[in-house]
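Chemist: Next comes the structure file upload-v1.tsv, holding TSV, C-alpha atoms.
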chain	number	residue	atom	x	y	z
A	1	MET	CA	75.21	8.13	32.43
A	2	HIS	CA	78.34	8.55	30.32
A	3	PHE	CA	78.82	6.77	27.00
A	4	PRO	CA	82.26	5.91	25.64
A	5	ARG	CA	83.56	8.51	23.13
A	6	SER	CA	83.60	5.85	20.38
A	7	VAL	CA	79.90	5.13	20.88
A	8	VAL	CA	78.93	8.81	20.76
A	9	LEU	CA	81.00	9.38	17.59
A	10	ALA	CA	79.39	6.37	15.90
A	11	ALA	CA	75.92	7.72	16.72
A	12	VAL	CA	76.72	11.16	15.29
A	13	VAL	CA	78.07	9.66	12.06
A	14	ALA	CA	74.98	7.48	11.67
A	15	ALA	CA	72.66	10.45	12.17
A	16	ALA	CA	74.56	12.53	9.63
A	17	ALA	CA	74.38	9.71	7.12
A	18	THR	CA	70.62	9.57	7.58
A	19	LEU	CA	70.30	13.30	6.87
A	20	VAL	CA	72.23	13.25	3.61
A	21	ALA	CA	71.09	9.87	2.39
A	22	PRO	CA	69.68	10.03	-1.15
A	23	THR	CA	65.99	9.41	-1.79
A	24	PRO	CA	65.55	5.67	-2.03
A	25	ALA	CA	65.10	4.36	-5.54
A	26	GLY	CA	61.42	4.41	-6.50
A	27	ALA	CA	60.41	6.98	-3.85
A	28	GLU	CA	58.18	9.87	-5.00
A	29	THR	CA	59.61	13.32	-5.54
A	30	PRO	CA	57.57	16.27	-4.26
A	31	ALA	CA	56.47	17.01	-7.84
A	32	GLN	CA	55.32	13.43	-8.37
A	33	ALA	CA	53.48	13.45	-5.05
A	34	LEU	CA	51.70	16.68	-6.01
A	35	ARG	CA	50.65	15.32	-9.39
A	36	LYS	CA	49.15	12.25	-7.73
A	37	GLN	CA	47.32	14.31	-5.10
A	38	PHE	CA	46.07	16.82	-7.65
A	39	LEU	CA	44.60	14.26	-10.02
A	40	ALA	CA	43.22	12.18	-7.16
A	41	ALA	CA	41.34	15.24	-5.92
A	42	LEU	CA	39.80	15.79	-9.35
A	43	SER	CA	38.61	12.20	-9.54
A	44	SER	CA	35.57	13.17	-7.45
A	45	SER	CA	34.61	16.11	-9.70
A	46	THR	CA	31.86	14.16	-11.55
A	47	ALA	CA	33.29	15.55	-14.82
A	48	SER	CA	33.39	13.48	-17.99
A	49	ALA	CA	36.23	15.52	-19.52
A	50	ARG	CA	39.02	17.65	-18.12
A	51	ALA	CA	41.99	19.70	-19.22
A	52	VAL	CA	44.52	20.43	-16.49
A	53	VAL	CA	47.93	22.11	-16.37
A	54	VAL	CA	50.04	23.19	-13.38
A	55	THR	CA	53.44	24.82	-13.76
A	56	ILE	CA	55.67	25.82	-10.85
A	57	ASP	CA	58.66	28.14	-10.92
A	58	GLY	CA	61.82	26.10	-10.69
A	59	ALA	CA	60.05	22.81	-11.38
A	60	GLY	CA	58.45	23.40	-14.78
A	61	THR	CA	55.35	21.45	-15.71
A	62	VAL	CA	54.16	19.41	-12.74
A	63	VAL	CA	50.71	18.43	-14.04
A	64	ASP	CA	49.59	18.05	-17.65
A	65	ASP	CA	46.46	15.99	-17.99
A	66	GLY	CA	44.80	16.70	-21.33
A	67	GLY	CA	46.35	20.15	-21.31
A	68	ASP	CA	45.86	20.58	-25.07
A	69	ARG	CA	42.23	19.41	-24.99
A	70	ALA	CA	39.85	22.21	-26.03
A	71	LEU	CA	36.95	22.60	-23.61
A	72	ALA	CA	34.49	25.31	-22.64
A	73	PRO	CA	36.30	27.92	-20.52
A	74	ALA	CA	33.15	29.52	-19.05
A	75	SER	CA	34.10	32.77	-17.33
A	76	THR	CA	37.85	32.17	-17.46
A	77	GLN	CA	37.29	33.62	-20.94
A	78	LYS	CA	37.30	36.99	-19.18
A	79	LEU	CA	41.03	36.56	-18.55
A	80	TYR	CA	41.64	37.16	-22.26
A	81	LEU	CA	39.35	40.16	-22.64
A	82	THR	CA	40.54	42.02	-19.54
A	83	GLY	CA	44.22	41.30	-20.12
A	84	ALA	CA	44.04	42.45	-23.74
A	85	ALA	CA	42.14	45.60	-22.71
A	86	LEU	CA	44.90	46.56	-20.26
A	87	VAL	CA	47.59	46.00	-22.88
A	88	ARG	CA	45.77	47.72	-25.74
A	89	MET	CA	44.10	50.65	-23.96
A	90	GLY	CA	46.04	51.05	-20.71
A	91	PRO	CA	44.70	51.20	-17.13
A	92	GLU	CA	43.98	54.96	-17.24
A	93	TYR	CA	41.74	54.79	-20.32
A	94	ARG	CA	38.19	56.08	-19.81
A	95	LEU	CA	35.01	55.73	-21.84
A	96	SER	CA	33.37	59.07	-22.54
A	97	THR	CA	29.70	60.05	-22.77
A	98	ASP	CA	29.21	63.50	-24.31
A	99	VAL	CA	26.49	65.99	-25.08
A	100	TRP	CA	26.96	68.38	-27.99
A	101	GLY	CA	25.02	71.21	-29.54
A	102	SER	CA	24.23	71.44	-33.22
A	103	GLY	CA	23.48	75.07	-34.03
A	104	ALA	CA	23.99	78.43	-32.39
A	105	LEU	CA	23.65	79.16	-28.68
A	106	LEU	CA	21.92	82.53	-28.40
A	107	PRO	CA	22.52	84.93	-25.49
A	108	GLU	CA	19.10	84.34	-23.94
A	109	GLY	CA	19.88	80.61	-23.47
A	110	THR	CA	18.24	79.31	-26.60
A	111	LEU	CA	20.04	76.65	-28.63
A	112	ALA	CA	18.86	77.29	-32.17
A	113	GLY	CA	19.36	73.73	-33.29
A	114	ASP	CA	19.58	70.26	-31.81
A	115	LEU	CA	21.08	68.58	-28.78
A	116	VAL	CA	23.13	65.45	-29.48
A	117	PHE	CA	23.80	62.77	-26.86
A	118	VAL	CA	26.87	60.79	-27.96
A	119	ALA	CA	27.00	57.42	-26.19
A	120	GLY	CA	30.41	55.92	-25.53
A	121	GLY	CA	29.65	52.39	-24.34
A	122	ASP	CA	30.31	53.08	-20.65
A	123	PRO	CA	29.06	50.00	-18.73
A	124	SER	CA	28.96	51.98	-15.49
A	125	LEU	CA	26.68	54.82	-16.64
A	126	THR	CA	23.71	55.38	-14.29
A	127	GLY	CA	20.67	57.58	-13.96
A	128	VAL	CA	22.63	59.78	-11.55
A	129	HIS	CA	25.14	60.43	-14.33
A	130	LEU	CA	22.31	61.40	-16.71
A	131	THR	CA	21.17	63.95	-14.14
A	132	GLU	CA	24.71	65.35	-13.97
A	133	LEU	CA	24.95	65.57	-17.75
A	134	ALA	CA	21.63	67.41	-17.96
A	135	ARG	CA	22.76	69.85	-15.28
A	136	GLN	CA	25.97	70.47	-17.19
A	137	VAL	CA	23.90	71.34	-20.26
A	138	ARG	CA	21.91	73.82	-18.25
A	139	THR	CA	25.05	75.25	-16.62
A	140	ALA	CA	26.54	75.72	-20.10
A	141	GLY	CA	23.74	78.20	-20.72
A	142	VAL	CA	21.15	76.09	-22.51
A	143	ALA	CA	17.61	76.59	-21.26
A	144	HIS	CA	15.70	76.06	-24.48
A	145	VAL	CA	16.35	73.79	-27.48
A	146	THR	CA	14.43	74.69	-30.62
A	147	GLY	CA	15.20	71.40	-32.30
A	148	SER	CA	15.28	67.79	-31.11
A	149	VAL	CA	17.40	65.58	-28.88
A	150	PHE	CA	19.37	63.11	-30.98
A	151	ILE	CA	20.75	59.93	-29.47
A	152	ASP	CA	23.91	58.82	-31.26
A	153	ASP	CA	24.69	55.23	-30.26
A	154	SER	CA	26.80	54.43	-33.33
A	155	HIS	CA	29.94	53.84	-31.26
A	156	PHE	CA	28.90	50.17	-31.05
A	157	ASP	CA	26.96	47.99	-33.43
A	158	ARG	CA	23.38	47.16	-32.56
A	159	ALA	CA	23.79	43.47	-31.77
A	160	ARG	CA	22.24	43.10	-28.32
A	161	THR	CA	23.71	39.66	-27.61
A	162	ALA	CA	26.76	37.66	-28.64
A	163	PRO	CA	26.91	34.52	-30.82
A	164	GLY	CA	26.21	31.28	-28.99
A	165	TRP	CA	24.15	32.82	-26.19
A	166	LYS	CA	21.03	31.14	-24.90
A	167	ALA	CA	17.94	33.29	-25.30
A	168	SER	CA	17.61	33.40	-21.51
A	169	TRP	CA	21.09	34.86	-21.00
A	170	VAL	CA	19.44	38.27	-21.60
A	171	PRO	CA	18.46	39.38	-19.04
A	172	SER	CA	19.34	36.56	-16.60
A	173	GLN	CA	23.11	36.86	-17.10
A	174	SER	CA	23.52	40.22	-18.83
A	175	GLY	CA	21.52	43.24	-19.86
A	176	PRO	CA	21.16	43.80	-23.63
A	177	LEU	CA	24.33	45.30	-25.10
A	178	SER	CA	24.38	48.85	-26.48
A	179	ALA	CA	26.64	51.88	-26.78
A	180	PHE	CA	24.05	53.80	-24.73
A	181	ALA	CA	23.87	51.56	-21.68
A	182	LEU	CA	22.09	52.85	-18.60
A	183	ASP	CA	22.02	51.18	-15.20
A	184	ARG	CA	23.60	48.15	-16.88
A	185	ASN	CA	20.54	47.98	-19.14
A	186	GLY	CA	18.83	46.10	-16.36
A	187	TRP	CA	16.25	48.63	-15.22
A	188	ARG	CA	13.54	47.15	-17.47
A	189	ARG	CA	12.91	43.55	-18.46
A	190	ASP	CA	10.12	43.77	-21.01
A	191	ARG	CA	10.62	42.42	-24.53
A	192	ALA	CA	10.69	45.83	-26.24
A	193	PHE	CA	13.50	47.00	-23.96
A	194	LEU	CA	15.50	43.78	-24.26
A	195	ASP	CA	15.30	44.00	-28.04
A	196	ASP	CA	16.49	47.63	-28.03
A	197	PRO	CA	17.18	49.53	-24.80
A	198	VAL	CA	18.28	52.77	-26.50
A	199	PRO	CA	14.85	54.44	-27.00
A	200	ALA	CA	13.91	54.00	-23.33
A	201	ASN	CA	17.37	55.15	-22.19
A	202	GLY	CA	17.01	58.16	-24.45
A	203	GLN	CA	13.68	59.06	-22.92
A	204	ARG	CA	15.28	59.03	-19.50
A	205	PHE	CA	17.79	61.59	-20.73
A	206	MET	CA	14.90	63.70	-22.03
A	207	ASP	CA	13.32	63.48	-18.57
A	208	SER	CA	16.62	64.52	-16.96
A	209	LEU	CA	16.81	67.57	-19.20
A	210	ALA	CA	13.29	68.60	-18.20
A	211	GLN	CA	14.14	68.21	-14.51
A	212	ALA	CA	17.25	70.35	-15.03
A	213	GLY	CA	15.18	73.14	-16.56
A	214	VAL	CA	16.01	72.56	-20.22
A	215	ALA	CA	12.97	72.77	-22.49
A	216	VAL	CA	13.04	70.90	-25.81
A	217	ASP	CA	10.63	71.84	-28.61
A	218	GLY	CA	11.25	68.75	-30.74
A	219	GLY	CA	11.08	65.09	-29.84
A	220	LEU	CA	13.57	62.29	-29.45
A	221	GLN	CA	15.44	61.17	-32.54
A	222	PHE	CA	18.28	58.75	-33.25
A	223	GLY	CA	21.53	59.20	-35.13
A	224	ARG	CA	23.05	62.60	-35.81
A	225	PRO	CA	21.49	65.75	-37.24
A	226	GLU	CA	22.52	66.83	-40.72
A	227	ALA	CA	23.97	70.06	-39.37
A	228	GLY	CA	27.47	69.96	-37.89
A	229	VAL	CA	27.96	69.05	-34.24
A	230	ASP	CA	30.56	71.43	-32.86
A	231	LEU	CA	29.41	72.84	-29.52
A	232	PRO	CA	30.57	70.79	-26.50
A	233	LEU	CA	28.13	71.08	-23.62
A	234	ALA	CA	28.61	68.16	-21.21
A	235	GLU	CA	30.86	65.17	-20.55
A	236	HIS	CA	30.93	62.20	-18.24
A	237	LEU	CA	33.95	59.89	-17.97
A	238	SER	CA	33.84	56.30	-16.78
A	239	PRO	CA	36.13	55.08	-14.01
A	240	PRO	CA	39.64	54.23	-15.27
A	241	LEU	CA	39.85	51.01	-17.24
A	242	GLY	CA	41.99	49.46	-14.51
A	243	ASP	CA	39.05	49.84	-12.10
A	244	LEU	CA	36.59	48.42	-14.64
A	245	VAL	CA	38.87	45.44	-15.22
A	246	ARG	CA	39.14	44.83	-11.49
A	247	SER	CA	35.37	44.87	-10.95
A	248	THR	CA	34.81	42.73	-14.05
A	249	LEU	CA	37.21	40.03	-12.87
A	250	LYS	CA	36.40	40.11	-9.16
A	251	SER	CA	32.66	39.74	-9.65
A	252	SER	CA	32.73	37.98	-13.05
A	253	ASP	CA	30.66	40.77	-14.59
A	254	ASN	CA	29.29	39.51	-17.92
A	255	PHE	CA	27.78	42.82	-19.03
A	256	SER	CA	30.93	44.86	-18.43
A	257	ALA	CA	33.04	42.21	-20.16
A	258	GLU	CA	30.96	42.41	-23.32
A	259	GLN	CA	30.88	46.21	-23.31
A	260	LEU	CA	34.67	46.38	-22.89
A	261	LEU	CA	35.12	43.84	-25.68
A	262	LYS	CA	33.16	46.06	-28.06
A	263	GLU	CA	35.20	49.04	-26.89
A	264	LEU	CA	38.34	47.14	-27.88
A	265	GLY	CA	36.88	46.72	-31.33
A	266	ALA	CA	35.83	50.38	-31.49
A	267	GLY	CA	39.47	51.32	-31.01
A	268	ASP	CA	40.15	49.62	-34.32
A	269	GLY	CA	37.17	51.27	-35.99
A	270	GLU	CA	34.35	48.77	-35.38
A	271	GLY	CA	32.53	48.52	-32.07
A	272	SER	CA	31.49	44.89	-32.41
A	273	THR	CA	32.08	41.62	-30.62
A	274	ALA	CA	33.94	40.19	-33.61
A	275	ALA	CA	36.21	43.22	-33.91
A	276	GLY	CA	36.91	43.13	-30.19
A	277	LEU	CA	37.97	39.49	-30.41
A	278	ARG	CA	40.28	40.30	-33.30
A	279	SER	CA	41.94	42.85	-31.03
A	280	VAL	CA	42.26	40.28	-28.23
A	281	TRP	CA	44.03	37.81	-30.50
A	282	GLN	CA	46.24	40.56	-31.91
A	283	VAL	CA	47.41	41.22	-28.38
A	284	ALA	CA	47.97	37.49	-27.91
A	285	GLY	CA	50.05	37.43	-31.08
A	286	GLY	CA	52.12	40.31	-29.80
A	287	LEU	CA	52.85	38.24	-26.70
A	288	GLY	CA	53.91	35.28	-28.82
A	289	LEU	CA	50.72	33.25	-28.38
A	290	PRO	CA	48.38	31.84	-31.04
A	291	PRO	CA	44.75	33.00	-31.21
A	292	GLY	CA	42.12	31.18	-29.24
A	293	GLN	CA	38.59	30.15	-30.16
A	294	ALA	CA	35.96	32.50	-28.79
A	295	ALA	CA	32.65	34.10	-29.70
A	296	ASP	CA	32.31	36.56	-26.79
A	297	GLY	CA	34.23	38.19	-23.96
A	298	SER	CA	32.30	36.96	-20.94
A	299	GLY	CA	32.42	33.20	-21.47
A	300	LEU	CA	28.67	32.72	-21.83
A	301	SER	CA	28.85	31.56	-25.45
A	302	SER	CA	28.53	27.87	-26.20
A	303	GLN	CA	31.01	28.43	-29.05
A	304	ASN	CA	33.97	29.28	-26.78
A	305	ARG	CA	36.77	26.76	-26.44
A	306	ALA	CA	40.10	26.97	-24.63
A	307	THR	CA	42.91	24.68	-23.59
A	308	ALA	CA	44.48	24.63	-20.16
A	309	TRP	CA	47.84	25.18	-21.80
A	310	HIS	CA	46.69	28.30	-23.62
A	311	GLU	CA	45.25	29.76	-20.42
A	312	VAL	CA	48.41	29.00	-18.43
A	313	ARG	CA	50.61	30.53	-21.10
A	314	TRP	CA	48.37	33.59	-21.30
A	315	LEU	CA	48.52	34.05	-17.53
A	316	THR	CA	52.26	33.48	-17.38
A	317	THR	CA	53.08	35.80	-20.26
A	318	LEU	CA	50.67	38.57	-19.33
A	319	SER	CA	51.79	38.58	-15.70
A	320	ALA	CA	55.33	39.34	-16.90
A	321	THR	CA	54.26	42.54	-18.73
A	322	GLU	CA	54.10	46.01	-17.21
A	323	HIS	CA	50.39	45.43	-16.57
A	324	GLY	CA	50.98	42.09	-14.85
A	325	PRO	CA	50.78	43.27	-11.22
A	326	ARG	CA	47.51	45.13	-11.83
A	327	PHE	CA	46.05	42.19	-13.74
A	328	VAL	CA	46.94	39.63	-11.06
A	329	SER	CA	45.71	41.86	-8.23
A	330	SER	CA	42.37	42.20	-10.04
A	331	LEU	CA	41.64	38.50	-9.67
A	332	ALA	CA	39.42	37.20	-6.89
A	333	VAL	CA	41.29	36.05	-3.76
A	334	SER	CA	40.40	32.81	-2.01
A	335	CYS	CA	38.15	33.20	1.05
A	336	THR	CA	38.54	36.98	0.71
A	337	ASP	CA	36.58	38.62	-2.09
A	338	GLY	CA	34.77	38.36	-5.40
A	339	THR	CA	33.68	34.98	-6.69
A	340	LEU	CA	36.17	33.24	-4.37
A	341	LYS	CA	34.91	34.90	-1.20
A	342	ASN	CA	33.31	31.70	0.06
A	343	ARG	CA	35.77	29.21	-1.38
A	344	PHE	CA	38.93	27.69	0.15
A	345	CYS	CA	37.84	28.88	3.60
A	346	ARG	CA	39.12	26.80	6.50
A	347	THR	CA	41.86	25.37	4.26
A	348	PRO	CA	45.58	26.17	3.99
A	349	ALA	CA	44.75	27.91	0.69
A	350	ALA	CA	42.63	30.67	2.26
A	351	GLY	CA	43.96	34.03	1.09
A	352	LYS	CA	46.65	32.39	-1.07
A	353	VAL	CA	44.89	31.81	-4.40
A	354	GLN	CA	44.28	34.53	-7.00
A	355	ALA	CA	42.14	33.15	-9.79
A	356	LYS	CA	39.22	33.48	-12.18
A	357	THR	CA	36.26	31.20	-11.67
A	358	GLY	CA	33.98	29.81	-14.35
A	359	THR	CA	30.58	28.16	-14.10
A	360	LEU	CA	28.09	27.15	-16.78
A	361	ASP	CA	25.71	24.24	-17.10
A	362	ASN	CA	27.91	21.16	-16.63
A	363	VAL	CA	31.08	23.29	-16.68
A	364	VAL	CA	33.38	24.21	-13.79
A	365	THR	CA	36.68	26.03	-14.36
A	366	LEU	CA	39.35	27.82	-12.35
A	367	SER	CA	42.58	29.39	-13.61
A	368	GLY	CA	45.09	31.56	-11.82
A	369	PHE	CA	48.02	31.75	-9.43
A	370	THR	CA	49.08	30.49	-6.03
A	371	THR	CA	52.27	29.74	-4.09
A	372	THR	CA	53.60	26.42	-2.78
A	373	SER	CA	54.76	25.86	0.79
A	374	ALA	CA	58.30	26.13	-0.56
A	375	GLY	CA	57.57	29.68	-1.73
A	376	HIS	CA	57.42	28.99	-5.48
A	377	ARG	CA	54.78	30.55	-7.72
A	378	ALA	CA	52.37	28.16	-9.42
A	379	VAL	CA	50.23	28.92	-12.46
A	380	PHE	CA	47.31	26.57	-13.03
A	381	SER	CA	44.26	26.00	-15.20
A	382	VAL	CA	41.52	23.47	-14.54
A	383	LEU	CA	38.76	23.09	-17.13
A	384	LEU	CA	36.04	20.55	-16.34
A	385	SER	CA	33.19	19.65	-18.69
A	386	GLY	CA	30.30	17.23	-18.43
A	387	VAL	CA	30.09	17.96	-14.71
A	388	LYS	CA	27.08	16.18	-13.23
A	389	ASP	CA	27.24	17.94	-9.84
A	390	SER	CA	28.63	21.49	-9.87
A	391	ALA	CA	29.08	21.62	-6.09
A	392	LYS	CA	31.18	18.46	-6.16
A	393	GLY	CA	33.07	19.82	-9.16
A	394	ARG	CA	34.02	23.02	-7.33
A	395	ALA	CA	34.92	21.10	-4.17
A	396	ALA	CA	37.21	18.83	-6.17
A	397	VAL	CA	38.92	21.77	-7.85
A	398	ASP	CA	39.43	23.50	-4.51
A	399	LYS	CA	40.93	20.36	-3.01
A	400	ALA	CA	43.27	19.98	-5.99
A	401	VAL	CA	44.47	23.59	-5.82
A	402	THR	CA	44.93	23.33	-2.07
A	403	ALA	CA	47.31	20.45	-2.77
A	404	ILE	CA	49.50	22.92	-4.70
A	405	VAL	CA	49.56	25.29	-1.72
A	406	THR	CA	50.66	22.55	0.71
A	407	SER	CA	53.14	20.90	-1.63
A	408	ARG	CA	56.90	21.05	-1.09
A	409	VAL	CA	57.67	21.67	-4.78
Could you render the structure from this file as structure tokens?
Modeler:
Amino acid sequence: MHFPRSVVLAAVVAAAATLVAPTPAGAETPAQALRKQFLAALSSSTASARAVVVTIDGAGTVVDDGGDRALAPASTQKLYLTGAALVRMGPEYRLSTDVWGSGALLPEGTLAGDLVFVAGGDPSLTGVHLTELARQVRTAGVAHVTGSVFIDDSHFDRARTAPGWKASWVPSQSGPLSAFALDRNGWRRDRAFLDDPVPANGQRFMDSLAQAGVAVDGGLQFGRPEAGVDLPLAEHLSPPLGDLVRSTLKSSDNFSAEQLLKELGAGDGEGSTAAGLRSVWQVAGGLGLPPGQAADGSGLSSQNRATAWHEVRWLTTLSATEHGPRFVSSLAVSCTDGTLKNRFCRTPAAGKVQAKTGTLDNVVTLSGFTTTSAGHRAVFSVLLSGVKDSAKGRAAVDKAVTAIVTSRV
């Protein structure tokens, strides 16, 4: 069938007009549609309070619902600690555990003095590493120590928990904190060990020395001997900080977070939680951000508060630094690894969300990055408090973030 030329031309013009016609007045833009979908998803979270921000490259702020409301961040608090550690110490930084001699090493293998174990706060130190250190001492020529073995754990303070922790957090969520940490300070759970793990850890080093063939006349002591310590005998270095940050974020490792926070403080002369937090907020200030409100590095403390806006700005600013790619790649990936391994599966967001999770009693949080269907990067923070059903809270957050992934913004 052949149509008259005038009819065909009229049809083409009408079709073209349809393609370029402006959005009808009152119709939703993609950004407006996303905001509606995002907040609708969160309506089933069972939360009594929320702070939510979503920004998208090229579109600006798409969602701001209580973004300046200060709520418990739970483990998204680790975003601050790990980011500041990368900026302040660098990804190649390593924590060192050393053994020194105090006195003279005689030709027959006798150390006429003391052996000093200098703890460096390494959260990854294990019994295997103690064995290696003891063997290094023996290889250095020491077979007999006339004095004692001193354990110097002064690199950190002796606070075994952080302010605002429940009594049960140690050991249920973290081993007791100490500069001499062994097997994550989780190898014993009795009250004496939880109050002070250093004596028991020190005894394990004594046992390692004996197994390596190093005899010690004296006993185990703490601190440093009065005589000078000037004979290096053994050293163990932690994995690079970049690796520690990655494992801390991927698995939401509370113990490593607190140890690294104290290490931040030690760099400024005081290995304490408070000093570490001062360092974190100094880094924030250097990035043009105000300090936050925190009492620890892991997010366990009931005293921590954050706003969705502060978290989004921290993520946005830090990701633009030289350490940004490493920081972002250290986050858990949806339906792939870490604390997001079993989330977002069988959704369009699988493999497309890089974020830090957070869970406490009645608290569900998620902050991180994703990409819209239009290829634009989104930075988001969702802080939910007063959550009656954590499973429903997480499901609601996942549905909301999936809406970002499928949006046309």
Chemist: Quick one: of A:Asp57, A:Asp196, A:Glu226, A:Asp65, who's nearest to Asp114 of chain A, counting only C-alpha atoms?
Modeler: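 For Asp114 of chain A, the nearest of the candidates is A:Glu226.
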Chemist: Can you pull out every residue within 9 Å of Arg88 of chain A, counting all atoms listed in the file, but drop anything in the same chain fewer than 5 positions away, and send it as a list in words?
Modeler: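 The residues satisfying every condition are Gly83, Leu264, Gly267, Ser279, Val280 and Val283 of chain A.
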Chemist: Quick one: residues within 8 Å of Glu235 of chain A, only C-alpha atoms counted, chain neighbours fewer than 3 positions away excluded, as a short mmCIF file (atom, residue, chain, number, x, y, z; two decimals) with C-alpha atoms, in the frame of the given file?
Modeler:
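Saved as selection-v2.cif:
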data_model
loop_
_atom_site.label_atom_id
_atom_site.label_comp_id
_atom_site.auth_asym_id
_atom_site.auth_seq_id
_atom_site.Cartn_x
_atom_site.Cartn_y
_atom_site.Cartn_z
CA SER A 96 33.37 59.07 -22.54
CA THR A 97 29.70 60.05 -22.77
CA ASP A 98 29.21 63.50 -24.31
CA VAL A 99 26.49 65.99 -25.08
CA LEU A 133 24.95 65.57 -17.75
CA GLN A 136 25.97 70.47 -17.19
#
Chemist: Give me the residues near Pro171 of chain A as a compact mmCIF listing (two decimals) with C-alpha atoms, keeping the file's coordinate frame, where near means some atom within 8 Å (using all atoms listed in the file) and where sequence neighbours in that chain fewer than 3 positions away do not count.
Modeler:
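For reference, around_37.txt as written:
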# COMPACT_ATOMS: atom_id res chain seq x y z
CA SER A 168 17.61 33.40 -21.51
CA SER A 174 23.52 40.22 -18.83
CA GLY A 175 21.52 43.24 -19.86
CA PRO A 176 21.16 43.80 -23.63
CA GLY A 186 18.83 46.10 -16.36
CA ARG A 189 12.91 43.55 -18.46
CA LEU A 194 15.50 43.78 -24.26
Chemist: Just to confirm, what's the straight-line distance from atom CA of Gly113 of chain A to atom CA of Arg138 of chain A in Å (one decimal)?
Modeler: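 Computing it gives 15.3 Å between the two atoms.
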Chemist: In Å to one decimal, how far is atom CA of Val118 of chain A from atom CA of Phe180 of chain A?
Modeler: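 About the pair atom CA of Phe180 of chain A and atom CA of Val118 of chain A: they are 8.2 Å apart.
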Chemist: What would the list of residues within 12 Å of (43.4, 15.2, -12.1) (file frame) look like as a ChimeraX atom specification, if only C-alpha atoms are what count?
Modeler: /A:34-54,62-67,381-384,393,396-401,403
Chemist: Please check which residues have atoms at most 7 Å from (50.0, 35.0, -5.8) in the file's coordinates, counting only C-alpha atoms, and write them as a list in words.
Modeler: Lys352, Val353, Gln354, Phe369, Thr370, Thr371 and Arg377 of chain A
Chemist: Would you list the contacts of Lys356 of chain A as a PyMOL selection string, taking every protein, DNA or RNA residue within 8 Å and counting only C-alpha atoms, but skipping same-chain residues closer than 2 positions in sequence?
Modeler: chain A and resi 75-76+79+249-250+252+331-332+339+354+358+366-368
Chemist: Can you tell me which residues surround Gly121 of chain A at a distance of at most 10 Å, considering all atoms listed in the file, apart from same-chain residues fewer than 5 positions away, and format the answer as a list in words?
Modeler: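 Result of the neighbour search: Leu95, Ser96, Thr97, Asp153, Ser154, His155, Phe156, Leu177, Ser178, Ala179, Phe180, Ala181, Leu182, Ser238, Ser256, Gln259, Leu260, Lys262, Glu263, Ala266 and Gly271 of chain A.
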Chemist: How far is it from atom CA of Asp337 of chain A to atom CA of Ala395 of chain A, in Å with one decimal?
Modeler: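 Going from atom CA of Asp337 of chain A over to atom CA of Ala395 of chain A covers 17.7 Å.
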Chemist: Nearest to Ala167 of chain A: which of A:Ser301, A:Thr110, A:Ser272, A:Ser247 is it, counting only C-alpha atoms?
Modeler: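 Closest candidate: A:Ser301.
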Chemist: Could you check the closest approach to Asp389 of chain A for each of A:Val363, A:Leu318, A:Val405, A:Met206 and tell me which residue wins, using only C-alpha atoms?
Modeler: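 The shortest atom-to-atom distance to Asp389 of chain A comes from A:Val363.
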Chemist: Taking all atoms listed in the file into account, which of A:Phe150, A:Trp100, A:Trp169, A:Trp309 comes nearest Gly218 of chain A?
Modeler: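 Closest to Gly218 of chain A, using all atoms listed in the file: A:Phe150.
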Chemist: Could you tell me which of A:Gln303, A:Val170, A:Asp157, A:Phe193 comes closest to Ala275 of chain A if we count only C-alpha atoms?
Modeler: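 Smallest separation from Ala275 of chain A among the options: A:Asp157.
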Chemist: Return as JSON the centre and edge lengths, in Å with one decimal, of the box along x, y and z that encloses every atom of segment 187-196 of chain A in the file, padded by 3 Å per side.
Modeler:
{"center_x": 13.3, "center_y": 45.5, "center_z": -21.6, "size_x": 12.4, "size_y": 12.2, "size_z": 18.8}
Chemist: Which is closest to Phe327 of chain A among A:Pro232, A:Gly285, A:Pro199, A:Gly242, if we use all atoms listed in the file?
Modeler: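 The closest residue to Phe327 of chain A is A:Gly242.
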Chemist: Could segment 389-393 of chain A be completed with N, CA, C and O atoms and written as a PDB file, in the coordinates of the input, please?
Modeler:
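Heads up, here's the output in result29.pdb:
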ATOM      1  N   ASP A 389      27.560  17.267 -11.096  1.00  0.00           N
ATOM      2  CA  ASP A 389      27.240  17.940  -9.840  1.00  0.00           C
ATOM      3  C   ASP A 389      28.214  19.102  -9.678  1.00  0.00           C
ATOM      4  O   ASP A 389      29.385  18.898  -9.341  1.00  0.00           O
ATOM      5  N   SER A 390      27.746  20.322  -9.899  1.00  0.00           N
ATOM      6  CA  SER A 390      28.630  21.490  -9.870  1.00  0.00           C
ATOM      7  C   SER A 390      29.270  21.692  -8.499  1.00  0.00           C
ATOM      8  O   SER A 390      30.441  22.081  -8.408  1.00  0.00           O
ATOM      9  N   ALA A 391      28.529  21.447  -7.430  1.00  0.00           N
ATOM     10  CA  ALA A 391      29.080  21.620  -6.090  1.00  0.00           C
ATOM     11  C   ALA A 391      30.245  20.663  -5.858  1.00  0.00           C
ATOM     12  O   ALA A 391      31.287  21.051  -5.314  1.00  0.00           O
ATOM     13  N   LYS A 392      30.085  19.410  -6.298  1.00  0.00           N
ATOM     14  CA  LYS A 392      31.180  18.460  -6.160  1.00  0.00           C
ATOM     15  C   LYS A 392      32.346  18.833  -7.075  1.00  0.00           C
ATOM     16  O   LYS A 392      33.511  18.642  -6.723  1.00  0.00           O
ATOM     17  N   GLY A 393      32.023  19.389  -8.246  1.00  0.00           N
ATOM     18  CA  GLY A 393      33.070  19.820  -9.160  1.00  0.00           C
ATOM     19  C   GLY A 393      33.918  20.914  -8.543  1.00  0.00           C
ATOM     20  O   GLY A 393      35.160  20.864  -8.585  1.00  0.00           O
TER      21      GLY A 393
END
